[in-house]
2 protein chains.
Amino acid sequence: MSNSETVGLPVLEPEGAAVPCCPPLTAGELSVRDAERMAAMFKALSDPVRLRLFSKVASHPGGEACVCDIQDVGVSQPTVSHHLKKLREAGLLTSERRGTWVYYRVAPSVVAAMSAMLDLPATT
Amino acid sequence: MSNSETVGLPVLEPEGAAVPCCPPLTAGELSVRDAERMAAMFKALSDPVRLRLFSKVASHPGGEACVCDIQDVGVSQPTVSHHLKKLREAGLLTSERRGTWVYYRVAPSVVAAMSAMLDLPATT
DNA sequence: GCTCTGTATCGACGTTTGTCGATATCCCTC
DNA sequence: GAGGGATATCGACAAACGTCGATACAGAGC
């Protein structure tokens, strides 16, 4: 394979593309397609290790973190890499290699997208 | 078993107790415990069928819905029941039997708890 | 009482997930 | 270009998950 399986979306967006989701959760019955998209986002955050990795990136000074800064979450290095890949594929993180290191940051508009799901006026 | 496995919390709360979560996702590194709690909530919403069931309940007039009103999501009746149980155990829905029917509603403060995770001023 | 309808539980199944060790790839430095 | 550190991929395995049909339980009405 290669890259390109962002939430199973059509192969339009490279990888860490802005999250395309979704109507508010409480606004009405979700369509099957929207439910699948939202479920994919939630699934990406449904693992404790991924949640900690995400929060480490999100709270890191400068808005980005090297893998080496965040990989102390109690699992092996391949597992950390695996989880970061899942977060990337879900469109929640983006990655960029700079020299020896790879830096991750929260994908733009992710929090806004999630708050929209929860039917809150995005206060940003 | 019986009931009582709300997110794996101590057996304090009956079942649909208010969600005890959690610090904002972007505020700092999550503790292991908080990550587990949040992950359990997200996991409950990480299935398309559960998401549709949840949104059907959330958007139903009167704030509650009979199982019979929402069970048309393309899976068998036992599966619907199974998913509703998961949502109950996660503290996202509460249920009440009235005569022949069982009514589900969104657990109080769930949306507020989730918005708190996303670090948004809960505008409710 | 019996029967019918609505909901929950049980047991089984195939699939997906999280994890690891081994190994490959990238790129810097010497 | 050889060596070495940082990430990613591969292959395997156990555990968890979503689904189903069969069945049990609960309440309403006869």
# chains A, B, ... in the order shown; residues from 1 in each chain; ligands from 1
>>> select_by_dssp(residues="stretch 34-67 of chain A", states="helix (DSSP H, G or I)", output="count of residues only")
26
>>> select_by_dssp(residues="stretch 8-94 of chain A", states="strand (DSSP E or B)", output="NGL selection string")
:A and (64-66 or 93-94)
>>> atom_distance(atom1="atom CA of B:Arg98", atom2="atom C1' of D:DG29")
16.2 Å
>>> closest_atom_pairs(of="chain A", to="chain B", cutoff="9 Å", atoms="only C-alpha atoms", output="JSON lines")
{"residue": "A:Pro24", "atom": "CA", "partner": "B:Ser55", "partner_atom": "CA", "distance": 8.9}
{"residue": "A:Leu25", "atom": "CA", "partner": "B:Ser55", "partner_atom": "CA", "distance": 5.6}
{"residue": "A:Thr26", "atom": "CA", "partner": "B:Ala58", "partner_atom": "CA", "distance": 5.0}
{"residue": "A:Ala27", "atom": "CA", "partner": "B:Ser59", "partner_atom": "CA", "distance": 5.7}
{"residue": "A:Gly28", "atom": "CA", "partner": "B:Ser59", "partner_atom": "CA", "distance": 4.9}
{"residue": "A:Glu29", "atom": "CA", "partner": "B:Lys56", "partner_atom": "CA", "distance": 5.1}
{"residue": "A:Leu30", "atom": "CA", "partner": "B:Arg52", "partner_atom": "CA", "distance": 5.6}
{"residue": "A:Ser31", "atom": "CA", "partner": "B:Arg52", "partner_atom": "CA", "distance": 7.7}
{"residue": "A:Val32", "atom": "CA", "partner": "B:Pro48", "partner_atom": "CA", "distance": 7.3}
{"residue": "A:Arg33", "atom": "CA", "partner": "B:Pro48", "partner_atom": "CA", "distance": 8.7}
{"residue": "A:Asp34", "atom": "CA", "partner": "B:Pro48", "partner_atom": "CA", "distance": 8.5}
{"residue": "A:Ala35", "atom": "CA", "partner": "B:Pro48", "partner_atom": "CA", "distance": 4.9}
{"residue": "A:Glu36", "atom": "CA", "partner": "B:Pro48", "partner_atom": "CA", "distance": 5.0}
{"residue": "A:Arg37", "atom": "CA", "partner": "B:Pro48", "partner_atom": "CA", "distance": 8.1}
{"residue": "A:Met38", "atom": "CA", "partner": "B:Ser46", "partner_atom": "CA", "distance": 7.6}
{"residue": "A:Ala39", "atom": "CA", "partner": "B:Ser46", "partner_atom": "CA", "distance": 4.3}
{"residue": "A:Ala40", "atom": "CA", "partner": "B:Ser46", "partner_atom": "CA", "distance": 6.4}
{"residue": "A:Met41", "atom": "CA", "partner": "B:Ser46", "partner_atom": "CA", "distance": 7.4}
{"residue": "A:Phe42", "atom": "CA", "partner": "B:Ser46", "partner_atom": "CA", "distance": 4.8}
{"residue": "A:Lys43", "atom": "CA", "partner": "B:Ser46", "partner_atom": "CA", "distance": 4.4}
{"residue": "A:Ala44", "atom": "CA", "partner": "B:Ser46", "partner_atom": "CA", "distance": 8.1}
{"residue": "A:Leu45", "atom": "CA", "partner": "B:Phe42", "partner_atom": "CA", "distance": 6.2}
{"residue": "A:Ser46", "atom": "CA", "partner": "B:Ala39", "partner_atom": "CA", "distance": 4.3}
{"residue": "A:Asp47", "atom": "CA", "partner": "B:Ala39", "partner_atom": "CA", "distance": 5.2}
{"residue": "A:Pro48", "atom": "CA", "partner": "B:Ala35", "partner_atom": "CA", "distance": 4.9}
{"residue": "A:Val49", "atom": "CA", "partner": "B:Ala35", "partner_atom": "CA", "distance": 7.5}
{"residue": "A:Arg50", "atom": "CA", "partner": "B:Ala39", "partner_atom": "CA", "distance": 8.7}
{"residue": "A:Leu51", "atom": "CA", "partner": "B:Ala35", "partner_atom": "CA", "distance": 6.1}
{"residue": "A:Arg52", "atom": "CA", "partner": "B:Leu30", "partner_atom": "CA", "distance": 5.6}
{"residue": "A:Leu53", "atom": "CA", "partner": "B:Glu29", "partner_atom": "CA", "distance": 8.3}
{"residue": "A:Phe54", "atom": "CA", "partner": "B:Leu25", "partner_atom": "CA", "distance": 8.1}
{"residue": "A:Ser55", "atom": "CA", "partner": "B:Glu29", "partner_atom": "CA", "distance": 5.4}
{"residue": "A:Lys56", "atom": "CA", "partner": "B:Glu29", "partner_atom": "CA", "distance": 5.1}
{"residue": "A:Val57", "atom": "CA", "partner": "B:Thr26", "partner_atom": "CA", "distance": 8.4}
{"residue": "A:Ala58", "atom": "CA", "partner": "B:Thr26", "partner_atom": "CA", "distance": 5.1}
{"residue": "A:Ser59", "atom": "CA", "partner": "B:Gly28", "partner_atom": "CA", "distance": 4.9}
{"residue": "A:His60", "atom": "CA", "partner": "B:Gly28", "partner_atom": "CA", "distance": 7.8}
{"residue": "A:Val73", "atom": "CA", "partner": "B:Val32", "partner_atom": "CA", "distance": 8.9}
{"residue": "A:Val111", "atom": "CA", "partner": "B:Leu118", "partner_atom": "CA", "distance": 6.6}
{"residue": "A:Ala112", "atom": "CA", "partner": "B:Leu118", "partner_atom": "CA", "distance": 9.0}
{"residue": "A:Met114", "atom": "CA", "partner": "B:Leu118", "partner_atom": "CA", "distance": 7.8}
{"residue": "A:Ser115", "atom": "CA", "partner": "B:Ser115", "partner_atom": "CA", "distance": 6.8}
{"residue": "A:Leu118", "atom": "CA", "partner": "B:Val111", "partner_atom": "CA", "distance": 6.6}
{"residue": "A:Asp119", "atom": "CA", "partner": "B:Val111", "partner_atom": "CA", "distance": 8.7}
{"residue": "A:Leu120", "atom": "CA", "partner": "B:Thr123", "partner_atom": "CA", "distance": 7.1}
{"residue": "A:Pro121", "atom": "CA", "partner": "B:Thr123", "partner_atom": "CA", "distance": 7.7}
{"residue": "A:Ala122", "atom": "CA", "partner": "B:Leu120", "partner_atom": "CA", "distance": 7.8}
{"residue": "A:Thr123", "atom": "CA", "partner": "B:Leu120", "partner_atom": "CA", "distance": 7.1}
{"residue": "A:Thr124", "atom": "CA", "partner": "B:Leu120", "partner_atom": "CA", "distance": 8.7}
>>> residues_around(residues="D:DA22", least_positions_apart="4", cutoff="12 Å", atoms="only C-alpha atoms (C1' of nucleotides)", output="JSON, numbers by chain")
{"B": [78], "C": [9, 10, 11, 12]}
>>> write_last_selection(atoms="N, CA and C atoms (P, O5', C5', C4', C3', O3' and C1' of nucleotides)", output="mmCIF file, in the first residue's frame")
data_model
loop_
_atom_site.group_PDB
_atom_site.id
_atom_site.type_symbol
_atom_site.label_atom_id
_atom_site.label_comp_id
_atom_site.auth_asym_id
_atom_site.auth_seq_id
_atom_site.Cartn_x
_atom_site.Cartn_y
_atom_site.Cartn_z
ATOM 1 N N PRO B 78 -31.488 -7.971 18.573
ATOM 2 C CA PRO B 78 -30.509 -8.201 19.633
ATOM 3 C C PRO B 78 -29.290 -7.276 19.530
ATOM 4 P P DT C 9 -29.703 -7.331 29.722
ATOM 5 O "O5'" DT C 9 -29.482 -8.877 29.364
ATOM 6 C "C5'" DT C 9 -30.182 -9.860 30.121
ATOM 7 C "C4'" DT C 9 -29.893 -11.239 29.570
ATOM 8 C "C3'" DT C 9 -28.411 -11.606 29.466
ATOM 9 O "O3'" DT C 9 -28.208 -12.825 30.155
ATOM 10 C "C1'" DT C 9 -29.533 -12.113 27.461
ATOM 11 P P DC C 10 -26.716 -13.389 30.308
ATOM 12 O "O5'" DC C 10 -26.670 -14.541 29.205
ATOM 13 C "C5'" DC C 10 -27.795 -15.404 29.080
ATOM 14 C "C4'" DC C 10 -27.552 -16.445 27.997
ATOM 15 C "C3'" DC C 10 -26.093 -16.854 27.838
ATOM 16 O "O3'" DC C 10 -26.029 -18.268 27.737
ATOM 17 C "C1'" DC C 10 -26.965 -16.126 25.757
ATOM 18 P P DG C 11 -24.605 -18.981 27.951
ATOM 19 O "O5'" DG C 11 -24.235 -19.423 26.466
ATOM 20 C "C5'" DG C 11 -25.245 -19.997 25.633
ATOM 21 C "C4'" DG C 11 -24.684 -20.282 24.257
ATOM 22 C "C3'" DG C 11 -23.174 -20.528 24.216
ATOM 23 O "O3'" DG C 11 -22.919 -21.574 23.281
ATOM 24 C "C1'" DG C 11 -23.703 -18.663 22.860
ATOM 25 P P DA C 12 -21.429 -22.049 22.938
ATOM 26 O "O5'" DA C 12 -21.247 -21.480 21.452
ATOM 27 C "C5'" DA C 12 -22.262 -21.749 20.497
ATOM 28 C "C4'" DA C 12 -21.993 -20.994 19.218
ATOM 29 C "C3'" DA C 12 -20.546 -21.080 18.744
ATOM 30 O "O3'" DA C 12 -20.517 -21.570 17.405
ATOM 31 C "C1'" DA C 12 -21.299 -18.831 18.763
#
>>> interface_residues(of="chain C", to="chain A", cutoff="7 Å", atoms="only C-alpha atoms (C1' of nucleotides)", output="mmCIF file with N, CA and C atoms (P, O5', C5', C4', C3', O3' and C1' of nucleotides), in the first residue's frame")
data_model
loop_
_atom_site.group_PDB
_atom_site.id
_atom_site.type_symbol
_atom_site.label_atom_id
_atom_site.label_comp_id
_atom_site.auth_asym_id
_atom_site.auth_seq_id
_atom_site.Cartn_x
_atom_site.Cartn_y
_atom_site.Cartn_z
ATOM 1 P P DT C 19 -1.891 -0.914 23.025
ATOM 2 O "O5'" DT C 19 -0.755 -1.991 22.751
ATOM 3 C "C5'" DT C 19 -0.663 -3.149 23.596
ATOM 4 C "C4'" DT C 19 0.200 -4.202 22.969
ATOM 5 C "C3'" DT C 19 1.609 -3.772 22.594
ATOM 6 O "O3'" DT C 19 2.443 -3.843 23.729
ATOM 7 C "C1'" DT C 19 0.653 -5.336 21.034
ATOM 8 P P DC C 27 14.911 11.407 3.947
ATOM 9 O "O5'" DC C 27 16.123 11.822 4.881
ATOM 10 C "C5'" DC C 27 15.854 12.158 6.240
ATOM 11 C "C4'" DC C 27 17.156 12.245 7.005
ATOM 12 C "C3'" DC C 27 18.280 12.976 6.258
ATOM 13 O "O3'" DC C 27 19.002 13.720 7.190
ATOM 14 C "C1'" DC C 27 19.048 10.927 6.984
ATOM 15 P P DC C 28 19.466 15.261 6.865
ATOM 16 O "O5'" DC C 28 20.501 15.578 8.040
ATOM 17 C "C5'" DC C 28 20.109 15.261 9.373
ATOM 18 C "C4'" DC C 28 21.257 14.579 10.112
ATOM 19 C "C3'" DC C 28 22.611 15.272 9.920
ATOM 20 O "O3'" DC C 28 23.116 15.624 11.200
ATOM 21 C "C1'" DC C 28 22.796 12.921 9.622
#
>>> residues_around(residues="C:DT23", least_positions_apart="4", cutoff="12 Å", atoms="only C-alpha atoms (C1' of nucleotides)", output="PDB file with C-alpha atoms (C1' of nucleotides), in the first residue's frame")
ATOM      1  CA  PRO A  78       6.512   0.243  16.940  1.00  0.00           C
TER       2      PRO A  78
ATOM      3  C1'  DA D   8       8.130   3.181   9.981  1.00  0.00           C
ATOM      4  C1'  DT D   9       6.658  -1.336   8.280  1.00  0.00           C
ATOM      5  C1'  DC D  10       5.992  -6.361   8.614  1.00  0.00           C
ATOM      6  C1'  DG D  11       4.194 -10.691  10.511  1.00  0.00           C
TER       7       DG D  11
END
>>> atom_distance(atom1="atom CA of A:Cys68", atom2="atom C1' of D:DG5")
11.3 Å
>>> atom_distance(atom1="atom C1' of C:DT3", atom2="atom CA of B:Val102")
20.9 Å
>>> interface_residues(of="chain D", to="chain B", cutoff="9 Å", atoms="only C-alpha atoms (C1' of nucleotides)", output="MDAnalysis selection string")
chainID D and resid 18:20 26:28
>>> residues_around(residues="B:Arg105", least_positions_apart="2", cutoff="8 Å", atoms="only C-alpha atoms (C1' of nucleotides)", output="count of residues only")
10
